[in-house]
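S.K.: Here you go, start02.csv (CSV, C-alpha atoms):
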```csv
chain,number,residue,atom,x,y,z
A,1,MET,CA,7.2,-29.3,14.0
A,2,PRO,CA,5.7,-28.4,10.6
A,3,VAL,CA,8.4,-27.7,8.0
A,4,VAL,CA,7.3,-25.0,5.6
A,5,ARG,CA,10.3,-25.1,3.3
A,6,ASP,CA,13.5,-27.1,3.1
A,7,GLU,CA,16.5,-27.4,0.9
A,8,THR,CA,19.9,-29.1,1.0
A,9,PHE,CA,23.2,-27.5,0.0
A,10,GLU,CA,26.6,-29.0,-0.5
A,11,VAL,CA,29.5,-28.0,1.8
A,12,ARG,CA,32.6,-29.1,0.0
A,13,SER,CA,34.7,-25.9,-0.6
A,14,ASP,CA,35.4,-22.5,0.7
A,15,ALA,CA,33.0,-21.1,-1.8
A,16,ASP,CA,30.3,-23.4,-0.5
A,17,VAL,CA,30.9,-22.0,3.0
A,18,VAL,CA,30.3,-18.5,1.6
A,19,ARG,CA,27.2,-19.8,-0.2
A,20,VAL,CA,25.8,-21.3,3.0
A,21,ARG,CA,26.3,-17.9,4.7
A,22,GLN,CA,24.4,-16.2,1.9
A,23,VAL,CA,21.5,-18.7,1.7
A,24,THR,CA,21.2,-18.6,5.5
A,25,ARG,CA,21.0,-14.8,5.4
A,26,GLU,CA,18.3,-15.0,2.6
A,27,TRP,CA,16.2,-17.4,4.6
A,28,ALA,CA,16.6,-15.5,7.9
A,29,VAL,CA,15.4,-12.3,6.1
A,30,SER,CA,12.5,-14.1,4.5
A,31,ILE,CA,11.3,-15.4,7.9
A,32,GLY,CA,11.5,-11.9,9.3
A,33,PHE,CA,14.5,-12.1,11.6
A,34,ARG,CA,15.8,-8.7,12.7
A,35,LEU,CA,19.4,-7.8,11.8
A,36,VAL,CA,21.0,-9.0,15.1
A,37,ASP,CA,19.3,-12.4,14.8
A,38,GLN,CA,20.2,-12.7,11.1
A,39,THR,CA,23.8,-12.0,12.0
A,40,LYS,CA,23.9,-14.5,14.8
A,41,VAL,CA,22.4,-17.4,12.8
A,42,VAL,CA,24.6,-16.6,9.8
A,43,THR,CA,27.7,-16.5,12.0
A,44,ALA,CA,26.7,-19.9,13.6
A,45,ALA,CA,26.2,-21.3,10.1
A,46,SER,CA,29.6,-20.1,9.0
A,47,GLU,CA,31.3,-21.8,12.0
A,48,LEU,CA,29.4,-25.1,11.4
A,49,ALA,CA,29.9,-25.1,7.7
A,50,ARG,CA,33.6,-24.7,8.2
A,51,ASN,CA,33.6,-27.5,10.7
A,52,THR,CA,31.8,-29.7,8.2
A,53,LEU,CA,34.4,-28.9,5.5
A,54,ILE,CA,37.6,-29.1,7.6
A,55,HIS,CA,36.8,-31.7,10.2
A,56,GLY,CA,34.2,-33.7,8.4
A,57,GLY,CA,35.9,-33.7,5.0
A,58,GLY,CA,32.9,-32.0,3.5
A,59,GLY,CA,29.2,-32.8,3.7
A,60,VAL,CA,25.8,-31.2,3.4
A,61,VAL,CA,23.5,-28.7,5.2
A,62,ARG,CA,19.8,-28.9,5.2
A,63,LEU,CA,17.9,-25.6,5.8
A,64,GLU,CA,14.4,-25.7,7.1
A,65,THR,CA,11.9,-23.0,7.8
A,66,LEU,CA,9.7,-24.0,10.7
A,67,ASN,CA,6.2,-22.8,11.6
A,68,ASP,CA,4.1,-24.3,14.4
A,69,GLY,CA,1.4,-21.7,14.2
A,70,SER,CA,2.6,-19.7,17.1
A,71,ARG,CA,6.3,-19.2,16.1
A,72,ARG,CA,8.6,-19.3,13.2
A,73,GLY,CA,12.2,-20.5,13.1
A,74,LEU,CA,15.1,-21.5,11.0
A,75,ARG,CA,16.7,-25.0,11.5
A,76,LEU,CA,20.1,-25.9,10.0
A,77,THR,CA,21.4,-29.5,10.0
A,78,PHE,CA,25.0,-30.0,9.1
A,79,SER,CA,26.0,-33.6,8.4
A,80,ASP,CA,29.2,-35.2,7.3
A,81,LYS,CA,30.6,-38.8,6.9
A,82,GLY,CA,34.0,-37.8,8.4
A,83,PRO,CA,36.0,-39.3,11.3
A,84,GLY,CA,33.4,-38.3,13.9
A,85,ILE,CA,34.0,-36.9,17.4
A,86,ALA,CA,34.9,-39.3,20.2
A,87,ASP,CA,33.8,-36.9,22.9
A,88,PRO,CA,31.3,-34.2,21.8
A,89,ALA,CA,31.1,-32.7,25.3
A,90,GLN,CA,34.8,-32.0,25.1
A,91,ALA,CA,34.6,-30.7,21.6
A,92,LEU,CA,32.0,-28.2,22.8
A,93,GLN,CA,34.4,-26.6,25.3
A,94,ASP,CA,35.8,-23.3,24.3
A,95,GLY,CA,39.5,-23.5,23.3
A,96,TYR,CA,39.3,-27.2,22.6
A,97,THR,CA,40.7,-27.8,19.1
A,98,THR,CA,42.2,-30.6,17.1
A,99,GLY,CA,43.2,-28.3,14.3
A,100,SER,CA,44.8,-24.8,14.1
A,101,GLY,CA,41.5,-23.0,14.9
A,102,LEU,CA,40.5,-21.2,18.1
A,103,GLY,CA,38.2,-24.0,19.2
A,104,LEU,CA,35.2,-21.6,19.3
A,105,GLY,CA,33.3,-23.1,16.4
A,106,LEU,CA,31.0,-25.6,18.1
A,107,GLY,CA,30.6,-23.8,21.5
A,108,GLY,CA,30.1,-20.5,19.8
A,109,ALA,CA,27.5,-21.9,17.4
A,110,ARG,CA,25.7,-23.3,20.4
A,111,ARG,CA,25.6,-19.9,22.1
A,112,LEU,CA,24.3,-18.2,19.0
A,113,ALA,CA,21.4,-20.7,18.5
A,114,ASN,CA,18.3,-21.3,20.7
A,115,GLU,CA,18.6,-25.0,20.3
A,116,PHE,CA,21.6,-27.2,19.6
A,117,HIS,CA,22.0,-30.9,19.1
A,118,ILE,CA,25.0,-32.9,18.1
A,119,THR,CA,25.3,-36.6,17.3
A,120,SER,CA,28.5,-38.2,16.3
A,121,ALA,CA,29.9,-41.6,15.9
A,122,VAL,CA,33.6,-42.3,15.5
A,123,GLY,CA,34.3,-43.5,12.0
A,124,GLN,CA,30.8,-42.7,10.8
A,125,GLY,CA,30.3,-39.0,10.9
A,126,THR,CA,28.8,-36.0,12.7
A,127,GLU,CA,25.5,-34.2,12.6
A,128,VAL,CA,25.0,-30.8,14.2
A,129,ARG,CA,21.5,-29.3,14.3
A,130,ILE,CA,20.8,-25.7,15.4
A,131,THR,CA,17.5,-23.8,15.5
A,132,ARG,CA,17.0,-20.1,16.0
A,133,TRP,CA,13.4,-18.8,16.7
A,134,LEU,CA,12.0,-15.5,15.6
A,135,THR,CA,11.8,-13.3,18.6
B,136,MET,CA,54.1,7.7,1.4
B,137,GLY,CA,53.8,4.3,2.9
B,138,GLU,CA,53.5,5.2,6.5
B,139,PHE,CA,50.0,3.9,6.8
B,140,LEU,CA,48.3,1.0,5.0
B,141,LEU,CA,44.5,1.4,4.5
B,142,VAL,CA,42.5,-1.8,3.9
B,143,THR,CA,38.9,-1.7,3.1
B,144,ILE,CA,37.2,-5.1,3.0
B,145,GLN,CA,34.4,-4.9,0.4
B,146,VAL,CA,33.9,-8.5,-0.6
B,147,GLU,CA,32.6,-11.6,1.0
B,148,MET,CA,35.6,-13.2,2.7
B,149,HIS,CA,36.1,-16.8,2.0
B,150,ASP,CA,38.8,-18.5,4.1
B,151,ARG,CA,41.6,-18.5,1.5
B,152,LEU,CA,41.0,-14.9,0.9
B,153,VAL,CA,41.4,-14.2,4.6
B,154,LEU,CA,44.7,-16.0,4.7
B,155,SER,CA,46.0,-14.2,1.6
B,156,LEU,CA,45.0,-10.9,3.1
B,157,GLN,CA,47.0,-11.8,6.2
B,158,ASP,CA,50.1,-12.6,4.1
B,159,GLU,CA,49.9,-9.7,1.7
B,160,LEU,CA,49.4,-7.2,4.5
B,161,THR,CA,52.5,-8.5,6.4
B,162,GLU,CA,54.5,-8.2,3.2
B,163,ALA,CA,53.2,-4.7,2.5
B,164,ILE,CA,54.2,-3.5,5.9
B,165,VAL,CA,57.8,-4.5,5.3
B,166,LYS,CA,57.9,-3.3,1.7
B,167,ASN,CA,56.5,0.1,2.5
B,168,GLY,CA,58.0,0.5,5.9
B,169,SER,CA,54.5,1.1,7.3
B,170,ARG,CA,54.0,2.2,10.8
B,171,GLY,CA,50.2,1.8,10.9
B,172,VAL,CA,47.6,-0.6,9.4
B,173,LEU,CA,43.9,0.5,9.3
B,174,ILE,CA,41.4,-2.2,8.4
B,175,ASP,CA,37.9,-0.9,7.6
B,176,ILE,CA,35.3,-3.7,8.1
B,177,SER,CA,32.2,-1.5,7.8
B,178,ALA,CA,31.1,-3.6,4.8
B,179,LEU,CA,31.5,-6.9,6.6
B,180,GLU,CA,28.2,-8.5,7.5
B,181,ILE,CA,29.7,-11.1,9.8
B,182,VAL,CA,33.0,-11.8,11.6
B,183,ASP,CA,33.3,-15.4,12.6
B,184,SER,CA,36.2,-17.0,14.6
B,185,PHE,CA,38.3,-17.5,11.4
B,186,ILE,CA,38.2,-13.9,10.4
B,187,GLY,CA,38.5,-12.8,14.0
B,188,ARG,CA,41.6,-14.9,14.4
B,189,ALA,CA,43.1,-13.4,11.2
B,190,PHE,CA,42.7,-9.9,12.6
B,191,SER,CA,44.5,-11.0,15.8
B,192,ASN,CA,47.3,-12.6,13.6
B,193,ILE,CA,47.6,-9.4,11.5
B,194,ALA,CA,47.9,-7.3,14.6
B,195,SER,CA,50.5,-9.6,16.1
B,196,MET,CA,52.6,-9.7,13.0
B,197,ALA,CA,52.3,-6.0,12.5
B,198,ARG,CA,53.5,-5.4,16.1
B,199,VAL,CA,56.7,-7.4,15.7
B,200,LEU,CA,57.3,-5.4,12.5
B,201,ASP,CA,56.8,-2.2,14.5
B,202,ALA,CA,53.4,-1.2,13.1
B,203,GLU,CA,50.1,-0.5,14.9
B,204,THR,CA,46.8,-2.1,13.7
B,205,VAL,CA,43.4,-0.7,14.2
B,206,VAL,CA,40.2,-2.3,13.0
B,207,VAL,CA,37.4,0.2,12.4
B,208,GLY,CA,33.8,0.3,11.4
B,209,MET,CA,32.5,-2.8,13.0
B,210,ARG,CA,28.7,-3.0,12.6
B,211,PRO,CA,26.7,-3.2,15.9
B,212,ALA,CA,25.1,-6.5,15.0
B,213,VAL,CA,28.6,-7.9,14.3
B,214,ALA,CA,29.9,-6.7,17.7
B,215,ILE,CA,26.9,-8.2,19.6
B,216,THR,CA,27.4,-11.5,17.8
B,217,LEU,CA,31.2,-11.6,18.4
B,218,VAL,CA,30.7,-11.3,22.1
B,219,GLU,CA,28.2,-14.1,22.2
B,220,LEU,CA,30.5,-16.2,20.0
B,221,GLY,CA,33.2,-15.8,22.7
B,222,LEU,CA,35.6,-13.9,20.5
B,223,SER,CA,37.5,-11.0,22.1
B,224,LEU,CA,39.9,-10.2,19.3
B,225,PRO,CA,43.0,-10.3,21.6
B,226,GLY,CA,45.6,-7.7,20.6
B,227,VAL,CA,43.4,-6.0,18.2
B,228,ARG,CA,42.7,-2.3,18.7
B,229,THR,CA,39.4,-1.0,17.4
B,230,ALA,CA,37.8,2.4,16.7
B,231,LEU,CA,34.4,3.4,15.6
B,232,ASN,CA,35.4,4.8,12.2
B,233,ALA,CA,38.4,5.5,10.0
B,234,GLU,CA,38.9,9.0,11.3
B,235,LYS,CA,39.1,7.9,14.9
B,236,GLY,CA,41.3,4.9,13.9
B,237,MET,CA,43.8,7.2,12.2
B,238,ALA,CA,43.9,9.4,15.3
B,239,LEU,CA,44.5,6.3,17.4
B,240,ILE,CA,47.4,5.2,15.2
B,241,ARG,CA,48.9,8.7,15.1
B,242,LYS,CA,48.7,9.0,18.8
B,243,SER,CA,50.4,5.7,19.4
B,244,LEU,CA,53.2,6.7,17.1
B,245,GLN,CA,54.0,10.0,18.9
B,246,PRO,CA,57.3,9.7,20.7
B,247,SER,CA,56.7,9.7,24.4
B,248,ARG,CA,58.5,12.7,25.9
B,249,GLY,CA,58.2,12.8,29.6
B,250,THR,CA,56.9,10.5,32.2
B,251,ASP,CA,53.2,11.2,32.5
B,252,GLY,CA,52.3,9.9,29.1
B,253,ALA,CA,50.7,13.2,28.1
B,254,GLY,CA,53.9,14.8,26.7
B,255,ARG,CA,54.4,16.9,29.7
B,256,PRO,CA,57.8,16.9,31.3
```
Before anything else, please render the file you have as structure tokens.
M.R.:
Amino acid sequence: MPVVRDETFEVRSDADVVRVRQVTREWAVSIGFRLVDQTKVVTAASELARNTLIHGGGGVVRLETLNDGSRRGLRLTFSDKGPGIADPAQALQDGYTTGSGLGLGLGGARRLANEFHITSAVGQGTEVRITRWLT
Amino acid sequence: MGEFLLVTIQVEMHDRLVLSLQDELTEAIVKNGSRGVLIDISALEIVDSFIGRAFSNIASMARVLDAETVVVGMRPAVAITLVELGLSLPGVRTALNAEKGMALIRKSLQPSRGTDGAGRP
């Protein structure tokens, strides 16, 4: 999948989470996402950035604009070197939470994206990748 | 008069700001003896699970302090996204705009006189 543009941002504070939302919005607009799709991808980014900060102890997000000639999309990859998730399938269930949240972050982000991929190893960290295509 | 508290969110809400809004609103309800809280979110571009939970918390805390909470002005794109996210804002009453939200609060504060709920004996 040809990557047209990519940039990496830190996710280490509340302010960074806000910054991730803003940058995701800018990139979604530049690709030509309509308002509802912008809102979905920004909301998913907000959930995942918060997870990276709170559960992963901070990390980074890589934004990529994809274009394979027939379609354009936005891919976000959140990675941290935190404690990892022992059972990603369980973590994806709505209502499952290890913290004080609602447990909607991961599952919600998956529903808001067209593609979702998670890899995690206990003691090594977590990577969550979502892609939303221009419709 | 402190009967109603009106909150208009006009800035990007980072998480600590959301938490302090929650605390300050609860304190303001008690301090002013407010019976209604109207939160205008028409400027909010997203509502994620953290902000959504804060609205539910505010509504719950207001209720135990004898105040009604109504969230007004949600953008259509935000509403669509909330549903897909799986957030139903439990306990939060909503209205399309501030005017309708105020009407909703006023109506809920009217003493029920009668048994049919419409004020008829």
S.K.: Hey, could you make a per-residue contact list for chain B against chain A with 10 Å as the cut-off, showing the nearest pair of atoms and its distance in Å to one decimal, counting all atoms listed in the file, sorted by chain and number, as JSON lines?
M.R.:
```
{"residue": "B:Glu147", "atom": "CA", "partner": "A:Val18", "partner_atom": "CA", "distance": 7.3}
{"residue": "B:Met148", "atom": "CA", "partner": "A:Val18", "partner_atom": "CA", "distance": 7.6}
{"residue": "B:His149", "atom": "CA", "partner": "A:Asp14", "partner_atom": "CA", "distance": 5.9}
{"residue": "B:Asp150", "atom": "CA", "partner": "A:Asp14", "partner_atom": "CA", "distance": 6.3}
{"residue": "B:Arg151", "atom": "CA", "partner": "A:Asp14", "partner_atom": "CA", "distance": 7.4}
{"residue": "B:Leu152", "atom": "CA", "partner": "A:Asp14", "partner_atom": "CA", "distance": 9.4}
{"residue": "B:Glu180", "atom": "CA", "partner": "A:Thr39", "partner_atom": "CA", "distance": 7.2}
{"residue": "B:Ile181", "atom": "CA", "partner": "A:Thr43", "partner_atom": "CA", "distance": 6.2}
{"residue": "B:Val182", "atom": "CA", "partner": "A:Thr43", "partner_atom": "CA", "distance": 7.1}
{"residue": "B:Asp183", "atom": "CA", "partner": "A:Thr43", "partner_atom": "CA", "distance": 5.7}
{"residue": "B:Ser184", "atom": "CA", "partner": "A:Leu104", "partner_atom": "CA", "distance": 6.7}
{"residue": "B:Phe185", "atom": "CA", "partner": "A:Gly101", "partner_atom": "CA", "distance": 7.3}
{"residue": "B:Gly187", "atom": "CA", "partner": "A:Leu102", "partner_atom": "CA", "distance": 9.6}
{"residue": "B:Arg188", "atom": "CA", "partner": "A:Leu102", "partner_atom": "CA", "distance": 7.4}
{"residue": "B:Pro211", "atom": "CA", "partner": "A:Val36", "partner_atom": "CA", "distance": 8.2}
{"residue": "B:Ala212", "atom": "CA", "partner": "A:Val36", "partner_atom": "CA", "distance": 4.8}
{"residue": "B:Val213", "atom": "CA", "partner": "A:Thr39", "partner_atom": "CA", "distance": 6.7}
{"residue": "B:Ala214", "atom": "CA", "partner": "A:Val36", "partner_atom": "CA", "distance": 9.6}
{"residue": "B:Ile215", "atom": "CA", "partner": "A:Val36", "partner_atom": "CA", "distance": 7.5}
{"residue": "B:Thr216", "atom": "CA", "partner": "A:Lys40", "partner_atom": "CA", "distance": 5.5}
{"residue": "B:Leu217", "atom": "CA", "partner": "A:Lys40", "partner_atom": "CA", "distance": 8.6}
{"residue": "B:Val218", "atom": "CA", "partner": "A:Gly108", "partner_atom": "CA", "distance": 9.5}
{"residue": "B:Glu219", "atom": "CA", "partner": "A:Arg111", "partner_atom": "CA", "distance": 6.4}
{"residue": "B:Leu220", "atom": "CA", "partner": "A:Gly108", "partner_atom": "CA", "distance": 4.3}
{"residue": "B:Gly221", "atom": "CA", "partner": "A:Gly108", "partner_atom": "CA", "distance": 6.3}
{"residue": "B:Leu222", "atom": "CA", "partner": "A:Leu104", "partner_atom": "CA", "distance": 7.8}
```
S.K.: Quick one: pull the distance between CA of Leu239 in chain B and CA of Met196 in chain B, Å, one decimal.
M.R.: 18.5 Å
S.K.: Quick check, in Å to one decimal: how far apart do CA of Leu66 in chain A and CA of Arg5 in chain A lie?
M.R.: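 Computing it gives 7.5 Å between the two atoms.
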S.K.: So how far away is CA of Ile164 in chain B from CA of Leu200 in chain B, in Å?
M.R.: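 Calculated distance between CA of Leu200 in chain B and CA of Ile164 in chain B is 7.5 Å.
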S.K.: Neighbourhood query: residues within 12 Å of (57.4, 4.3, 3.5), file coordinates, counting all atoms listed in the file; return as JSON, numbers by chain.
M.R.: {"B": [136, 137, 138, 139, 140, 163, 164, 165, 166, 167, 168, 169, 170, 171, 202]}
S.K.: Compile the contact shell of Arg71 in chain A as a list in words: residues with an atom at most 12 Å away, counting only C-alpha atoms, same-chain residues fewer than 5 positions apart removed.
M.R.: Met1, Pro2, Val3, Ile31, Gly32, Phe33, Thr65, Leu66, Arg132, Trp133, Leu134 and Thr135 of chain A
S.K.: Ser195 in chain B: which residues within 12 Å, counting all atoms listed in the file, same-chain residues fewer than 2 positions away excluded, as a list in words?
M.R.: Gln157, Leu160, Thr161, Val172, Arg188, Ala189, Phe190, Ser191, Asn192, Ile193, Ala197, Arg198, Val199, Leu200, Asp201, Ala202, Glu203, Thr204, Val205, Leu224, Pro225, Gly226, Val227 and Arg228 of chain B
S.K.: Need to verify the contact set: Ile174 in chain B, 7 Å, all atoms listed in the file, exclusion of same-chain residues closer than 4 positions in sequence. Can you return it as a ChimeraX atom specification?
M.R.: /B:141-143,205-207
S.K.: Which one of B:Ile240, B:Ala194, B:Met209, B:Val153 sits closest to Ala178 in chain B if you count all atoms listed in the file?
M.R.: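 Smallest separation from Ala178 in chain B among the options: B:Met209.
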S.K.: Enclose all atoms of range 170-184 of chain B listed in the file in an axis-aligned box, grow every side by 5 Å, and hand back centre and edge lengths in Å to one decimal, as lines of an AutoDock Vina configuration file.
M.R.:
```
center_x = 41.1
center_y = -7.4
center_z = 9.7
size_x = 35.8
size_y = 29.2
size_z = 19.8
```
S.K.: Within 10 Å of Val122 in chain A, counting all atoms listed in the file, which residues show up once you throw out same-chain ones fewer than 3 positions away? Write them as a ChimeraX atom specification, please.
M.R.: /A:81-87,125-126
S.K.: Could you tell me which of A:Asp80, A:Asp6, A:Glu26, A:Asp68 comes closest to Thr119 in chain A if we count only C-alpha atoms?
M.R.: A:Asp80
S.K.: Show me the residues around (40.9, 3.0, 12.7) - criterion: an atom at most 6 Å away, all atoms listed in the file counted - as number ranges by chain.
M.R.: B: 173, 205-207, 230, 232-233, 235-237
S.K.: Residues near Gly58 in chain A, anyone? I mean within 7 Å using all atoms listed in the file, not counting same-chain ones fewer than 2 positions away, as a list in words.
M.R.: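 Using all atoms listed in the file, the neighbours found are Val11, Arg12, Thr52, Leu53, Ile54, Gly56 and Asp80 of chain A.
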S.K.: With C-alpha atoms retained, could you export that selection as a compact mmCIF listing (two decimals), in the frame of the given file?
M.R.:
```txt
# COMPACT_ATOMS: atom_id res chain seq x y z
CA VAL A 11 29.50 -28.00 1.80
CA ARG A 12 32.60 -29.10 0.00
CA THR A 52 31.80 -29.70 8.20
CA LEU A 53 34.40 -28.90 5.50
CA ILE A 54 37.60 -29.10 7.60
CA GLY A 56 34.20 -33.70 8.40
CA ASP A 80 29.20 -35.20 7.30
```
S.K.: Atoms are missing here; could range 166-183 of chain B be completed with N, CA and C atoms and written as a compact mmCIF listing (two decimals), in the frame of the given file?
M.R.:
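Result file result16.txt:
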```
# COMPACT_ATOMS: atom_id res chain seq x y z
N LYS B 166 57.51 -3.96 2.98
CA LYS B 166 57.90 -3.30 1.70
C LYS B 166 57.76 -1.81 1.78
N ASN B 167 56.70 -1.33 2.45
CA ASN B 167 56.50 0.10 2.50
C ASN B 167 56.99 0.77 3.77
N GLY B 168 57.52 -0.03 4.65
CA GLY B 168 58.00 0.50 5.90
C GLY B 168 56.83 1.16 6.70
N SER B 169 55.66 0.54 6.64
CA SER B 169 54.50 1.10 7.30
C SER B 169 54.53 1.09 8.77
N ARG B 170 54.01 2.13 9.38
CA ARG B 170 54.00 2.20 10.80
C ARG B 170 52.55 1.93 11.37
N GLY B 171 51.58 1.96 10.46
CA GLY B 171 50.20 1.80 10.90
C GLY B 171 49.38 1.03 9.85
N VAL B 172 48.46 0.17 10.33
CA VAL B 172 47.60 -0.60 9.40
C VAL B 172 46.13 -0.29 9.89
N LEU B 173 45.32 0.24 9.00
CA LEU B 173 43.90 0.50 9.30
C LEU B 173 43.04 -0.38 8.48
N ILE B 174 42.25 -1.22 9.14
CA ILE B 174 41.40 -2.20 8.40
C ILE B 174 39.94 -1.75 8.62
N ASP B 175 39.30 -1.36 7.53
CA ASP B 175 37.90 -0.90 7.60
C ASP B 175 36.99 -2.10 7.29
N ILE B 176 36.19 -2.49 8.29
CA ILE B 176 35.30 -3.70 8.10
C ILE B 176 33.84 -3.26 8.08
N SER B 177 33.57 -1.99 7.76
CA SER B 177 32.20 -1.50 7.80
C SER B 177 31.27 -2.23 6.81
N ALA B 178 31.88 -2.85 5.78
CA ALA B 178 31.10 -3.60 4.80
C ALA B 178 30.88 -5.06 5.20
N LEU B 179 31.58 -5.50 6.24
CA LEU B 179 31.50 -6.90 6.60
C LEU B 179 30.22 -7.22 7.38
N GLU B 180 29.47 -8.20 6.89
CA GLU B 180 28.20 -8.50 7.50
C GLU B 180 28.35 -9.52 8.67
N ILE B 181 29.42 -10.29 8.65
CA ILE B 181 29.70 -11.10 9.80
C ILE B 181 31.23 -11.19 10.05
N VAL B 182 31.59 -11.41 11.31
CA VAL B 182 33.00 -11.80 11.60
C VAL B 182 32.88 -13.04 12.45
N ASP B 183 33.36 -14.13 11.88
CA ASP B 183 33.30 -15.40 12.60
C ASP B 183 34.71 -15.65 13.21
```
